[in-house]
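Have a look at work.tsv; it's TSV, C-alpha atoms:
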chain	number	residue	atom	x	y	z
U	24	MET	CA	92.08	90.50	100.37
U	25	HIS	CA	91.92	91.66	96.76
U	26	VAL	CA	93.18	95.26	96.34
U	27	ILE	CA	92.18	97.00	93.10
U	28	LEU	CA	93.52	100.44	92.21
U	29	CYS	CA	91.10	102.43	90.07
U	30	ASP	CA	92.00	105.57	88.11
U	31	SER	CA	89.39	107.77	89.78
U	32	ALA	CA	86.58	107.92	92.29
U	33	ALA	CA	84.12	107.51	89.41
U	34	GLU	CA	85.83	104.27	88.42
U	35	VAL	CA	85.63	103.04	92.02
U	36	ALA	CA	81.87	103.57	91.93
U	37	VAL	CA	81.45	101.72	88.63
U	38	ALA	CA	83.60	98.78	89.78
U	39	ALA	CA	81.60	98.49	93.02
U	40	ALA	CA	78.31	98.74	91.13
U	41	ASP	CA	79.50	95.92	88.85
U	42	LEU	CA	79.94	93.64	91.87
U	43	VAL	CA	76.52	94.53	93.27
U	44	THR	CA	74.89	94.06	89.86
U	45	ARG	CA	76.46	90.64	89.44
U	46	ARG	CA	75.18	89.48	92.82
U	47	VAL	CA	71.66	90.88	92.39
U	48	ARG	CA	71.27	89.28	88.97
U	49	ARG	CA	72.19	85.87	90.35
U	50	GLY	CA	68.94	85.76	92.32
U	51	PRO	CA	67.57	86.85	95.70
U	52	ALA	CA	70.31	88.75	97.49
U	53	VAL	CA	70.81	90.12	100.99
U	54	LEU	CA	72.72	93.37	100.66
U	55	GLY	CA	74.54	95.28	103.38
U	56	LEU	CA	74.30	99.01	102.69
U	57	ALA	CA	76.67	101.67	103.97
U	58	THR	CA	75.76	105.33	104.23
U	59	GLY	CA	77.86	108.47	104.10
U	60	GLY	CA	79.62	110.28	101.31
U	61	THR	CA	81.77	107.47	99.90
U	62	PRO	CA	79.01	105.10	98.69
U	63	GLN	CA	76.77	107.81	97.20
U	64	PRO	CA	78.30	107.52	93.68
U	65	ILE	CA	77.70	103.75	93.76
U	66	TYR	CA	74.04	104.25	94.55
U	67	ARG	CA	73.71	106.81	91.76
U	68	GLU	CA	75.20	104.29	89.34
U	69	LEU	CA	72.88	101.51	90.55
U	70	ILE	CA	69.89	103.84	90.20
U	71	ARG	CA	70.98	104.60	86.64
U	72	ARG	CA	71.24	100.90	85.85
U	73	HIS	CA	67.81	100.31	87.38
U	74	ARG	CA	66.28	102.99	85.16
U	75	GLU	CA	68.22	102.39	81.97
U	76	LYS	CA	69.19	98.70	82.09
U	77	ARG	CA	66.30	97.21	84.07
U	78	LEU	CA	68.44	96.19	87.02
U	79	SER	CA	65.84	95.03	89.53
U	80	PHE	CA	66.10	94.90	93.32
U	81	ALA	CA	62.61	93.43	93.70
U	82	ARG	CA	63.94	90.18	95.15
U	83	ALA	CA	66.59	91.79	97.35
U	84	THR	CA	66.68	92.36	101.10
U	85	ALA	CA	68.88	95.05	102.61
U	86	PHE	CA	70.37	95.86	106.00
U	87	THR	CA	72.08	99.14	106.83
U	88	LEU	CA	75.18	99.09	108.97
U	89	ASP	CA	74.26	101.45	111.77
U	90	GLU	CA	72.10	104.22	113.19
U	91	TYR	CA	72.47	107.08	115.64
U	92	VAL	CA	70.86	106.50	119.02
U	93	GLY	CA	68.13	109.06	119.56
U	94	LEU	CA	67.21	109.66	115.90
U	95	ILE	CA	63.83	108.36	114.74
U	96	PRO	CA	63.53	106.99	111.17
U	97	THR	CA	61.84	110.14	109.84
U	98	ASP	CA	64.60	112.43	111.09
U	99	PRO	CA	66.35	113.57	107.87
U	100	ARG	CA	69.75	113.02	109.55
U	101	SER	CA	68.98	109.39	110.39
U	102	TYR	CA	70.57	106.68	108.29
U	103	ARG	CA	67.12	105.30	107.50
U	104	ALA	CA	66.21	108.62	105.88
U	105	THR	CA	69.64	108.82	104.25
U	106	ILE	CA	69.51	105.42	102.55
U	107	LEU	CA	65.99	106.15	101.33
U	108	ARG	CA	67.09	109.50	99.92
U	109	ASP	CA	70.31	108.19	98.37
U	110	PHE	CA	69.11	104.85	97.05
U	111	ALA	CA	66.09	102.86	98.15
U	112	ALA	CA	63.38	105.35	97.19
U	113	HIS	CA	64.67	105.35	93.59
U	114	VAL	CA	64.69	101.61	92.87
U	115	ASP	CA	62.20	98.75	93.27
U	116	LEU	CA	63.61	97.40	96.55
U	117	PRO	CA	60.54	96.53	98.69
U	118	LEU	CA	60.67	98.92	101.63
U	119	GLU	CA	59.41	96.23	104.01
U	120	ARG	CA	62.69	94.42	103.27
U	121	LEU	CA	64.85	97.48	103.94
U	122	HIS	CA	66.02	97.10	107.54
U	123	THR	CA	67.75	99.66	109.74
U	124	PRO	CA	68.39	99.70	113.50
U	125	GLN	CA	65.76	101.75	115.31
U	126	GLY	CA	67.68	104.65	116.80
U	127	GLY	CA	64.64	105.82	118.73
U	128	ALA	CA	64.09	102.48	120.49
U	129	PRO	CA	63.64	102.93	124.28
U	130	ASP	CA	66.20	100.17	124.97
U	131	PRO	CA	69.10	100.51	122.48
U	132	ALA	CA	70.85	97.35	123.75
U	133	ALA	CA	67.71	95.28	123.19
U	134	GLU	CA	67.32	96.86	119.75
U	135	ALA	CA	70.90	95.88	118.88
U	136	GLN	CA	70.15	92.27	119.84
U	137	ARG	CA	66.93	92.32	117.79
U	138	TYR	CA	68.80	93.61	114.76
U	139	GLU	CA	71.51	90.97	115.07
U	140	GLU	CA	68.85	88.26	115.19
U	141	LEU	CA	67.05	89.77	112.20
U	142	ILE	CA	70.22	89.56	110.09
U	143	ALA	CA	70.71	85.93	111.15
U	144	ALA	CA	67.08	85.09	110.32
U	145	ALA	CA	67.61	86.45	106.80
U	146	GLY	CA	70.50	84.00	106.35
U	147	GLY	CA	73.19	86.64	106.79
U	148	VAL	CA	74.46	89.26	104.35
U	149	ASP	CA	75.52	88.11	100.89
U	150	LEU	CA	77.38	91.27	99.87
U	151	GLN	CA	78.36	94.03	102.29
U	152	ILE	CA	79.31	97.51	101.05
U	153	LEU	CA	81.70	99.36	103.36
U	154	GLY	CA	83.50	102.64	103.61
U	155	ILE	CA	86.32	103.26	106.06
U	156	GLY	CA	86.71	106.04	108.61
U	157	THR	CA	89.82	108.16	108.95
U	158	ASN	CA	90.57	106.26	112.17
U	159	GLY	CA	90.05	102.86	110.55
U	160	HIS	CA	86.50	102.24	111.69
U	161	ILE	CA	84.01	100.24	109.65
U	162	GLY	CA	80.39	100.64	110.54
U	163	PHE	CA	80.74	102.56	113.78
U	164	ASN	CA	83.25	100.13	115.25
U	165	GLU	CA	85.77	102.57	116.63
U	166	PRO	CA	89.39	101.71	117.60
U	167	GLY	CA	89.35	99.37	120.57
U	168	SER	CA	86.26	97.47	119.39
U	169	SER	CA	86.32	93.71	119.80
U	170	LEU	CA	87.22	91.99	116.53
U	171	SER	CA	84.49	89.41	117.19
U	172	SER	CA	81.76	91.83	118.32
U	173	ARG	CA	78.12	91.51	117.31
U	174	THR	CA	75.60	94.29	116.74
U	175	THR	CA	75.84	96.55	119.76
U	176	VAL	CA	75.65	100.07	121.18
U	177	ARG	CA	78.86	102.08	120.73
U	178	ALA	CA	80.13	105.47	121.79
U	179	LEU	CA	81.43	107.59	118.92
U	180	THR	CA	84.90	109.06	119.19
U	181	ARG	CA	85.53	112.78	119.00
U	182	GLN	CA	87.20	112.26	115.59
U	183	THR	CA	84.15	110.52	114.16
U	184	ARG	CA	81.79	113.14	115.54
U	185	THR	CA	83.98	115.84	113.99
U	186	ASP	CA	84.04	114.01	110.64
U	187	ASN	CA	80.23	113.70	110.65
U	188	SER	CA	79.44	117.16	111.96
U	189	ARG	CA	78.91	118.43	108.40
U	190	PHE	CA	75.62	116.48	108.33
U	191	PHE	CA	74.31	118.15	111.50
U	192	GLY	CA	74.98	121.83	110.93
U	193	ARG	CA	74.99	123.60	114.29
U	194	GLU	CA	73.36	120.68	116.09
U	195	PRO	CA	75.59	118.32	118.13
U	196	VAL	CA	76.35	114.93	116.63
U	197	PRO	CA	74.82	112.10	118.70
U	198	ARG	CA	77.39	110.44	120.95
U	199	LEU	CA	75.97	106.91	120.76
U	200	CYS	CA	75.03	104.60	117.91
U	201	ILE	CA	73.80	101.09	117.20
U	202	THR	CA	76.17	99.35	114.81
U	203	GLN	CA	76.74	95.95	113.33
U	204	GLY	CA	79.79	94.53	115.08
U	205	LEU	CA	83.04	93.50	113.46
U	206	GLY	CA	82.06	89.86	113.92
U	207	THR	CA	78.70	90.53	112.26
U	208	ILE	CA	80.33	92.26	109.30
U	209	SER	CA	82.91	89.48	109.00
U	210	ARG	CA	80.16	86.91	108.53
U	211	ALA	CA	79.07	88.47	105.23
U	212	GLN	CA	79.79	86.16	102.31
U	213	GLU	CA	81.45	88.95	100.33
U	214	VAL	CA	82.73	92.40	101.34
U	215	VAL	CA	83.38	95.38	99.07
U	216	LEU	CA	85.26	98.22	100.78
U	217	LEU	CA	85.67	101.59	99.06
U	218	ALA	CA	88.17	104.30	99.82
U	219	VAL	CA	88.41	107.70	98.16
U	220	GLY	CA	90.60	110.67	99.08
U	221	ARG	CA	93.94	111.26	100.76
U	222	GLY	CA	92.24	111.49	104.14
U	223	LYS	CA	91.69	107.73	104.02
U	224	ALA	CA	95.26	106.83	103.00
U	225	ARG	CA	96.68	106.09	106.44
U	226	ALA	CA	93.66	104.04	107.49
U	227	LEU	CA	93.92	102.05	104.23
U	228	ARG	CA	97.60	101.37	104.83
U	229	ASP	CA	96.91	100.16	108.36
U	230	MET	CA	93.99	98.03	107.21
U	231	VAL	CA	95.74	96.33	104.30
U	232	GLU	CA	99.40	96.20	105.36
U	233	GLY	CA	99.41	96.67	109.11
U	234	PRO	CA	98.89	94.05	111.81
U	235	VAL	CA	95.39	92.84	112.59
U	236	SER	CA	94.58	94.95	115.60
U	237	ALA	CA	91.75	96.73	117.37
U	238	ARG	CA	93.78	99.91	116.76
U	239	CYS	CA	92.53	99.67	113.16
U	240	PRO	CA	89.16	97.88	113.29
U	241	ALA	CA	89.03	97.46	109.51
U	242	SER	CA	92.14	95.26	109.68
U	243	VAL	CA	89.86	92.39	110.76
U	244	LEU	CA	89.03	92.05	107.05
U	245	GLN	CA	92.48	90.54	106.50
U	246	PHE	CA	90.87	87.37	107.82
U	247	HIS	CA	87.90	87.57	105.45
U	248	PRO	CA	88.16	85.20	102.46
U	249	ARG	CA	86.29	87.40	99.95
U	250	THR	CA	87.08	91.06	100.55
U	251	THR	CA	87.63	93.39	97.59
U	252	VAL	CA	89.18	96.80	98.31
U	253	LEU	CA	88.49	99.42	95.63
U	254	LEU	CA	90.49	102.64	95.88
U	255	GLU	CA	91.81	105.50	93.79
U	256	PRO	CA	95.33	106.96	93.74
U	257	GLU	CA	94.99	109.41	96.63
U	258	ALA	CA	93.59	106.79	99.00
U	259	ALA	CA	96.33	104.40	97.83
U	260	SER	CA	99.16	106.90	98.33
U	261	GLU	CA	100.60	105.32	101.50
U	262	LEU	CA	100.48	101.67	100.42
U	263	GLU	CA	103.97	100.18	100.30
U	264	TYR	CA	103.15	97.24	98.03
U	265	LEU	CA	100.96	99.06	95.52
U	266	ASP	CA	102.91	97.82	92.49
U	267	ASP	CA	102.39	94.25	93.66
U	268	TYR	CA	98.63	94.82	93.97
U	269	ARG	CA	98.56	96.24	90.44
U	270	GLU	CA	100.41	93.21	89.08
U	271	ALA	CA	98.16	90.76	90.90
U	272	ALA	CA	95.03	92.53	89.61
U	273	ARG	CA	96.38	92.46	86.05
U	274	LEU	CA	97.18	88.74	86.19
U	275	LEU	CA	93.78	87.89	87.66
U	276	HIS	CA	92.06	89.97	84.95
U	277	GLU	CA	94.00	88.17	82.21
U	278	ARG	CA	93.00	84.80	83.69
U	279	ASP	CA	89.31	85.79	83.57
Show this structure as structure tokens.
Amino acid sequence: MHVILCDSAAEVAVAAADLVTRRVRRGPAVLGLATGGTPQPIYRELIRRHREKRLSFARATAFTLDEYVGLIPTDPRSYRATILRDFAAHVDLPLERLHTPQGGAPDPAAEAQRYEELIAAAGGVDLQILGIGTNGHIGFNEPGSSLSSRTTVRALTRQTRTDNSRFFGREPVPRLCITQGLGTISRAQEVVLLAVGRGKARALRDMVEGPVSARCPASVLQFHPRTTVLLEPEAASELEYLDDYREAARLLHERD
């Protein structure tokens, strides 16, 4: 796990966009796209590069992490609508290669299996963008999730529903979702996890420095050979070995 401390949230976004840009310019890429507040600045930066620097996504394929059960793709609160609004509608990614779980499917378990098979048929994800929940979840894999799980139907914890209630106004947050499993996420060739804000500090500490445990689902990434964690000072505030991460990042940069 490569931990990089950035000076600000804006710098986190630029550093993440650099990694995505590098992978997309190498050739056809399968991207894993997260939704929510944390990745929005990355998408704005990638849109800017598309418009101003001719960064093309025409040969890319993309898979989102998750979707609320019960929300159809045209529902503005769905993650399909969100990723279109935040990113895909503003670049040249072919929309037939933008895949999201179908939250309105009559059989959510069958839809989860279909989505898992679709990712496998694409050859797996080359680069997965992740945020982290205040309880350590990635995707919607809440504490207690199997570390080897595949795409499945999950119940959302009260904490997660509270965290996401700002997107639903007075409407209740759905209680179920379809999410890529921790095992599915772990099969990505490269993972970029972003953390911004003091509210993520404890989850970051548990993920990076705590034991690998279902209590902090994101800790499974300690086993991943190519995970980069990008964070700013507030999110890094509870890390015990922060000076060591700074030194390691400096030495690796000098080598490059």
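Between atom CA of Val196 of chain U and atom CA of Gly154 of chain U lies a distance of 19.3 Å.
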- Query: Contacts of segment 109-121 of chain U at 6 Å or less, counting all atoms listed in the file, minus same-chain residues fewer than 2 places along, as a PyMOL selection string?
  - Reply: chain U and resi 66+80-81+84-85+105-107
- Message: When you look at segment 206-219 of chain U with a cut-off of 7 Å (counting all atoms listed in the file), what residues show up, excluding the ones that are within fewer than 5 positions of it in the same chain? I need them as JSON, numbers by chain.
- Response: {"U": [32, 61, 147, 148, 149, 150, 151, 152, 153, 154, 155, 170, 171, 172, 173, 174, 244, 247, 249, 250, 251, 252, 253, 254, 255, 257, 258]}
- Message: Using all atoms listed in the file - which residues lie no farther than 12 Å from the point (74.1, 106.0, 89.9) in the file's frame? Write them as a PyMOL selection string.
- Response: chain U and resi 33-34+36-41+44+62-76+78+109-111+113-114
- Message: Would you pick out the contacts of His160 of chain U at 6 Å or less, using only C-alpha atoms, so that residues sharing its chain but fewer than 3 positions from it are not included, and give the list as a PyMOL selection string?
- Response: chain U and resi 155-156+164-165+240-241
Please, could all heavy atoms be added to segment 120-131 of chain U and the result written as a PDB file, keeping the file's coordinate frame?
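Everything below was put into result28.pdb:
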ATOM      1  N   ARG U 120      61.467  95.231 103.157  1.00  0.00           N
ATOM      2  CA  ARG U 120      62.690  94.420 103.270  1.00  0.00           C
ATOM      3  C   ARG U 120      63.936  95.304 103.363  1.00  0.00           C
ATOM      4  O   ARG U 120      65.046  94.815 103.153  1.00  0.00           O
ATOM      5  CB  ARG U 120      62.788  93.440 102.104  1.00  0.00           C
ATOM      6  CG  ARG U 120      61.672  92.388 102.100  1.00  0.00           C
ATOM      7  CD  ARG U 120      62.097  91.096 101.434  1.00  0.00           C
ATOM      8  NE  ARG U 120      62.472  91.258 100.059  1.00  0.00           N
ATOM      9  CZ  ARG U 120      61.629  91.181  99.015  1.00  0.00           C
ATOM     10  NH1 ARG U 120      60.340  90.959  99.243  1.00  0.00           N
ATOM     11  NH2 ARG U 120      62.045  91.331  97.783  1.00  0.00           N
ATOM     12  N   LEU U 121      63.739  96.570 103.643  1.00  0.00           N
ATOM     13  CA  LEU U 121      64.850  97.480 103.940  1.00  0.00           C
ATOM     14  C   LEU U 121      64.899  97.663 105.456  1.00  0.00           C
ATOM     15  O   LEU U 121      64.006  98.265 106.045  1.00  0.00           O
ATOM     16  CB  LEU U 121      64.650  98.832 103.261  1.00  0.00           C
ATOM     17  CG  LEU U 121      65.649  99.929 103.652  1.00  0.00           C
ATOM     18  CD1 LEU U 121      67.067  99.566 103.228  1.00  0.00           C
ATOM     19  CD2 LEU U 121      65.222 101.275 103.050  1.00  0.00           C
ATOM     20  N   HIS U 122      65.933  97.127 106.080  1.00  0.00           N
ATOM     21  CA  HIS U 122      66.020  97.100 107.540  1.00  0.00           C
ATOM     22  C   HIS U 122      67.110  98.039 108.030  1.00  0.00           C
ATOM     23  O   HIS U 122      68.225  98.053 107.498  1.00  0.00           O
ATOM     24  CB  HIS U 122      66.315  95.676 108.017  1.00  0.00           C
ATOM     25  CG  HIS U 122      65.313  94.666 107.544  1.00  0.00           C
ATOM     26  ND1 HIS U 122      64.029  94.608 108.024  1.00  0.00           N
ATOM     27  CD2 HIS U 122      65.420  93.684 106.601  1.00  0.00           C
ATOM     28  CE1 HIS U 122      63.374  93.628 107.431  1.00  0.00           C
ATOM     29  NE2 HIS U 122      64.197  93.060 106.559  1.00  0.00           N
ATOM     30  N   THR U 123      66.777  98.802 109.072  1.00  0.00           N
ATOM     31  CA  THR U 123      67.750  99.660 109.740  1.00  0.00           C
ATOM     32  C   THR U 123      67.541  99.533 111.247  1.00  0.00           C
ATOM     33  O   THR U 123      66.411  99.302 111.702  1.00  0.00           O
ATOM     34  CB  THR U 123      67.574 101.135 109.346  1.00  0.00           C
ATOM     35  OG1 THR U 123      66.227 101.534 109.605  1.00  0.00           O
ATOM     36  CG2 THR U 123      67.877 101.354 107.882  1.00  0.00           C
ATOM     37  N   PRO U 124      68.597  99.669 112.047  1.00  0.00           N
ATOM     38  CA  PRO U 124      68.390  99.700 113.500  1.00  0.00           C
ATOM     39  C   PRO U 124      67.483 100.883 113.861  1.00  0.00           C
ATOM     40  O   PRO U 124      67.536 101.937 113.222  1.00  0.00           O
ATOM     41  CB  PRO U 124      69.807  99.909 114.063  1.00  0.00           C
ATOM     42  CG  PRO U 124      70.728  99.494 112.961  1.00  0.00           C
ATOM     43  CD  PRO U 124      70.023  99.826 111.684  1.00  0.00           C
ATOM     44  N   GLN U 125      66.681 100.704 114.873  1.00  0.00           N
ATOM     45  CA  GLN U 125      65.760 101.750 115.310  1.00  0.00           C
ATOM     46  C   GLN U 125      66.453 102.627 116.355  1.00  0.00           C
ATOM     47  O   GLN U 125      66.546 102.261 117.526  1.00  0.00           O
ATOM     48  CB  GLN U 125      64.491 101.131 115.880  1.00  0.00           C
ATOM     49  CG  GLN U 125      63.708 100.296 114.869  1.00  0.00           C
ATOM     50  CD  GLN U 125      63.238 101.125 113.682  1.00  0.00           C
ATOM     51  OE1 GLN U 125      62.538 102.128 113.849  1.00  0.00           O
ATOM     52  NE2 GLN U 125      63.624 100.726 112.480  1.00  0.00           N
ATOM     53  N   GLY U 126      66.948 103.771 115.905  1.00  0.00           N
ATOM     54  CA  GLY U 126      67.680 104.650 116.800  1.00  0.00           C
ATOM     55  C   GLY U 126      66.838 105.229 117.919  1.00  0.00           C
ATOM     56  O   GLY U 126      67.364 105.612 118.962  1.00  0.00           O
ATOM     57  N   GLY U 127      65.516 105.289 117.712  1.00  0.00           N
ATOM     58  CA  GLY U 127      64.640 105.820 118.730  1.00  0.00           C
ATOM     59  C   GLY U 127      64.097 104.790 119.689  1.00  0.00           C
ATOM     60  O   GLY U 127      63.239 105.116 120.532  1.00  0.00           O
ATOM     61  N   ALA U 128      64.577 103.540 119.597  1.00  0.00           N
ATOM     62  CA  ALA U 128      64.090 102.480 120.490  1.00  0.00           C
ATOM     63  C   ALA U 128      64.376 102.850 121.947  1.00  0.00           C
ATOM     64  O   ALA U 128      65.445 103.382 122.260  1.00  0.00           O
ATOM     65  CB  ALA U 128      64.757 101.148 120.153  1.00  0.00           C
ATOM     66  N   PRO U 129      63.430 102.561 122.873  1.00  0.00           N
ATOM     67  CA  PRO U 129      63.640 102.930 124.280  1.00  0.00           C
ATOM     68  C   PRO U 129      64.794 102.175 124.940  1.00  0.00           C
ATOM     69  O   PRO U 129      65.381 102.656 125.900  1.00  0.00           O
ATOM     70  CB  PRO U 129      62.301 102.603 124.937  1.00  0.00           C
ATOM     71  CG  PRO U 129      61.638 101.626 124.008  1.00  0.00           C
ATOM     72  CD  PRO U 129      62.093 101.977 122.640  1.00  0.00           C
ATOM     73  N   ASP U 130      65.109 100.979 124.430  1.00  0.00           N
ATOM     74  CA  ASP U 130      66.200 100.170 124.970  1.00  0.00           C
ATOM     75  C   ASP U 130      67.181  99.868 123.836  1.00  0.00           C
ATOM     76  O   ASP U 130      67.020  98.885 123.120  1.00  0.00           O
ATOM     77  CB  ASP U 130      65.659  98.876 125.582  1.00  0.00           C
ATOM     78  CG  ASP U 130      66.739  98.044 126.273  1.00  0.00           C
ATOM     79  OD1 ASP U 130      67.930  98.276 126.004  1.00  0.00           O
ATOM     80  OD2 ASP U 130      66.381  97.157 127.074  1.00  0.00           O
ATOM     81  N   PRO U 131      68.192 100.709 123.607  1.00  0.00           N
ATOM     82  CA  PRO U 131      69.100 100.510 122.480  1.00  0.00           C
ATOM     83  C   PRO U 131      69.810  99.156 122.495  1.00  0.00           C
ATOM     84  O   PRO U 131      70.035  98.560 121.439  1.00  0.00           O
ATOM     85  CB  PRO U 131      70.101 101.663 122.613  1.00  0.00           C
ATOM     86  CG  PRO U 131      69.337 102.718 123.341  1.00  0.00           C
ATOM     87  CD  PRO U 131      68.474 101.981 124.311  1.00  0.00           C
TER      88      PRO U 131
END
